[in-house]
Amino acid sequence: VRDNPRDGAAWGHLGMVLRAHDFDTASAEALRTAEELDPTEYRWPYLRGLTLVLLDPDAGVECLRRAADRAPPRRPE
């Protein structure tokens with residue numbers, strides 16, 4: 001993030017690391033930034049939603065809905 005502050009993937013990685021260490025609020029903010037910088041990526045609202053359902057269930061569900069809308073269709077196996 002320091003080297004490339006406009007890189008959504010870098011912010012997403014930071015959000016995942018913060019979440020893994022139970023920094024939920026900071027994680028949600030980093031993932032929000034990742035989503036803003038990389039709006040077509042479904043992982044960022046999905047991961048943010050997983051965190052927010054614990055802190056703010058309504059906001060978490062909204063994030064999960066955005067992730068589902070952006071996710072690529074799955075082919076039946």
# chains A, B, ... in the order shown; residues from 1 in each chain; ligands from 1

call {"tool": "residues_around", "arguments": {"residues": "Ser27 (chain A)", "least_positions_apart": "2", "cutoff": "12 Å", "atoms": "only C-alpha atoms", "output": "ChimeraX atom specification"}}
result
/A:11-25,29-34,44-45,47-52,55

call {"tool": "write_last_selection", "arguments": {"atoms": "N, CA, C and O atoms", "output": "CSV table (one decimal), in the first residue's frame"}}
result
chain,number,residue,atom,x,y,z
A,11,TRP,N,-4.5,-3.0,-1.2
A,11,TRP,CA,-5.4,-2.7,-0.1
A,11,TRP,C,-6.2,-3.9,0.3
A,11,TRP,O,-6.5,-4.1,1.5
A,12,GLY,N,-6.6,-4.7,-0.7
A,12,GLY,CA,-7.3,-6.0,-0.3
A,12,GLY,C,-6.4,-6.9,0.5
A,12,GLY,O,-6.9,-7.5,1.5
A,13,HIS,N,-5.2,-7.0,0.1
A,13,HIS,CA,-4.2,-7.9,0.9
A,13,HIS,C,-4.1,-7.3,2.3
A,13,HIS,O,-4.1,-8.1,3.3
A,14,LEU,N,-3.9,-6.0,2.4
A,14,LEU,CA,-3.8,-5.4,3.7
A,14,LEU,C,-5.1,-5.7,4.6
A,14,LEU,O,-5.0,-6.1,5.7
A,15,GLY,N,-6.2,-5.6,4.0
A,15,GLY,CA,-7.5,-5.9,4.7
A,15,GLY,C,-7.5,-7.3,5.2
A,15,GLY,O,-8.0,-7.6,6.3
A,16,MET,N,-7.0,-8.2,4.3
A,16,MET,CA,-7.0,-9.7,4.8
A,16,MET,C,-6.1,-9.9,5.9
A,16,MET,O,-6.4,-10.6,6.9
A,17,VAL,N,-4.9,-9.2,5.9
A,17,VAL,CA,-3.9,-9.4,7.0
A,17,VAL,C,-4.5,-8.8,8.3
A,17,VAL,O,-4.4,-9.4,9.3
A,18,LEU,N,-5.1,-7.6,8.1
A,18,LEU,CA,-5.7,-7.0,9.3
A,18,LEU,C,-6.8,-7.9,9.9
A,18,LEU,O,-6.9,-8.1,11.1
A,19,ARG,N,-7.6,-8.5,9.1
A,19,ARG,CA,-8.7,-9.3,9.5
A,19,ARG,C,-8.2,-10.6,10.2
A,19,ARG,O,-8.7,-11.0,11.2
A,20,ALA,N,-7.1,-11.1,9.7
A,20,ALA,CA,-6.5,-12.3,10.2
A,20,ALA,C,-6.0,-12.1,11.6
A,20,ALA,O,-5.9,-13.0,12.5
A,21,HIS,N,-5.7,-10.8,11.9
A,21,HIS,CA,-5.2,-10.5,13.3
A,21,HIS,C,-6.2,-9.7,14.1
A,21,HIS,O,-5.9,-9.1,15.1
A,22,ASP,N,-7.5,-9.9,13.7
A,22,ASP,CA,-8.6,-9.4,14.5
A,22,ASP,C,-8.7,-7.9,14.6
A,22,ASP,O,-9.3,-7.3,15.5
A,23,PHE,N,-8.2,-7.2,13.6
A,23,PHE,CA,-8.4,-5.7,13.5
A,23,PHE,C,-9.5,-5.5,12.6
A,23,PHE,O,-9.4,-5.0,11.4
A,24,ASP,N,-10.7,-5.8,13.1
A,24,ASP,CA,-11.9,-5.8,12.2
A,24,ASP,C,-12.3,-4.4,11.6
A,24,ASP,O,-12.5,-4.4,10.4
A,25,THR,N,-12.2,-3.4,12.4
A,25,THR,CA,-12.6,-2.1,11.9
A,25,THR,C,-11.6,-1.6,10.8
A,25,THR,O,-12.0,-1.1,9.8
A,29,GLU,N,-12.2,-1.0,6.7
A,29,GLU,CA,-11.8,0.2,6.0
A,29,GLU,C,-10.8,-0.1,4.8
A,29,GLU,O,-11.0,0.5,3.8
A,30,ALA,N,-9.9,-0.9,5.1
A,30,ALA,CA,-8.9,-1.3,4.0
A,30,ALA,C,-9.7,-1.9,2.8
A,30,ALA,O,-9.4,-1.7,1.7
A,31,LEU,N,-10.6,-2.8,3.2
A,31,LEU,CA,-11.4,-3.5,2.1
A,31,LEU,C,-12.3,-2.6,1.4
A,31,LEU,O,-12.6,-2.7,0.2
A,32,ARG,N,-12.8,-1.6,2.1
A,32,ARG,CA,-13.6,-0.5,1.5
A,32,ARG,C,-12.8,0.2,0.4
A,32,ARG,O,-13.2,0.4,-0.7
A,33,THR,N,-11.6,0.6,0.8
A,33,THR,CA,-10.7,1.2,-0.1
A,33,THR,C,-10.4,0.3,-1.3
A,33,THR,O,-10.4,0.8,-2.5
A,34,ALA,N,-10.1,-0.9,-1.1
A,34,ALA,CA,-9.8,-1.9,-2.1
A,34,ALA,C,-11.0,-1.9,-3.1
A,34,ALA,O,-10.8,-1.9,-4.3
A,44,TRP,N,-13.4,-8.2,-2.6
A,44,TRP,CA,-13.3,-7.1,-1.6
A,44,TRP,C,-14.6,-6.9,-0.9
A,44,TRP,O,-14.7,-6.8,0.4
A,45,PRO,N,-15.8,-6.8,-1.6
A,45,PRO,CA,-17.0,-6.6,-0.8
A,45,PRO,C,-17.4,-7.9,0.0
A,45,PRO,O,-18.0,-7.9,1.0
A,47,LEU,N,-15.2,-10.1,1.4
A,47,LEU,CA,-14.4,-10.2,2.6
A,47,LEU,C,-14.9,-9.1,3.6
A,47,LEU,O,-14.9,-9.3,4.8
A,48,ARG,N,-15.2,-7.9,3.1
A,48,ARG,CA,-15.7,-6.8,4.0
A,48,ARG,C,-17.0,-7.2,4.6
A,48,ARG,O,-17.2,-7.0,5.8
A,49,GLY,N,-17.9,-7.8,3.8
A,49,GLY,CA,-19.1,-8.3,4.3
A,49,GLY,C,-19.0,-9.3,5.4
A,49,GLY,O,-19.7,-9.3,6.4
A,50,LEU,N,-18.1,-10.2,5.3
A,50,LEU,CA,-17.8,-11.2,6.3
A,50,LEU,C,-17.4,-10.6,7.6
A,50,LEU,O,-17.8,-11.1,8.7
A,51,THR,N,-16.7,-9.5,7.6
A,51,THR,CA,-16.3,-8.8,8.8
A,51,THR,C,-17.4,-8.0,9.3
A,51,THR,O,-17.7,-8.0,10.5
A,52,LEU,N,-18.1,-7.3,8.4
A,52,LEU,CA,-19.2,-6.3,8.9
A,52,LEU,C,-20.4,-7.0,9.4
A,52,LEU,O,-21.1,-6.4,10.3
A,55,LEU,N,-20.1,-6.7,13.0
A,55,LEU,CA,-20.1,-5.3,13.5
A,55,LEU,C,-21.4,-4.5,13.2
A,55,LEU,O,-21.9,-3.8,14.0

call {"tool": "closest_atom_pairs", "arguments": {"of": "region 28-61 of chain A", "to": "region 67-75 of chain A", "cutoff": "8 Å", "atoms": "only C-alpha atoms", "output": "tab-separated table"}}
result
residue	atom	partner	partner_atom	distance
A:Thr40	CA	A:Arg70	CA	6.6
A:Glu41	CA	A:Arg70	CA	7.0
A:Tyr42	CA	A:Ala67	CA	4.6
A:Arg43	CA	A:Ala67	CA	6.7
A:Trp44	CA	A:Ala67	CA	7.6
A:Pro45	CA	A:Ala67	CA	5.3
A:Tyr46	CA	A:Ala67	CA	5.1

call {"tool": "closest_residue", "arguments": {"among": "A:Leu37, A:Leu54, A:Ala59, A:Leu64", "to": "Arg6 (chain A)", "atoms": "only C-alpha atoms"}}
result
A:Leu37

call {"tool": "atom_distance", "arguments": {"atom1": "CA of Cys63 (chain A)", "atom2": "CA of Ala28 (chain A)"}}
result
10.6 Å

call {"tool": "atom_distance", "arguments": {"atom1": "CA of Glu35 (chain A)", "atom2": "CA of Pro76 (chain A)"}}
result
28.0 Å
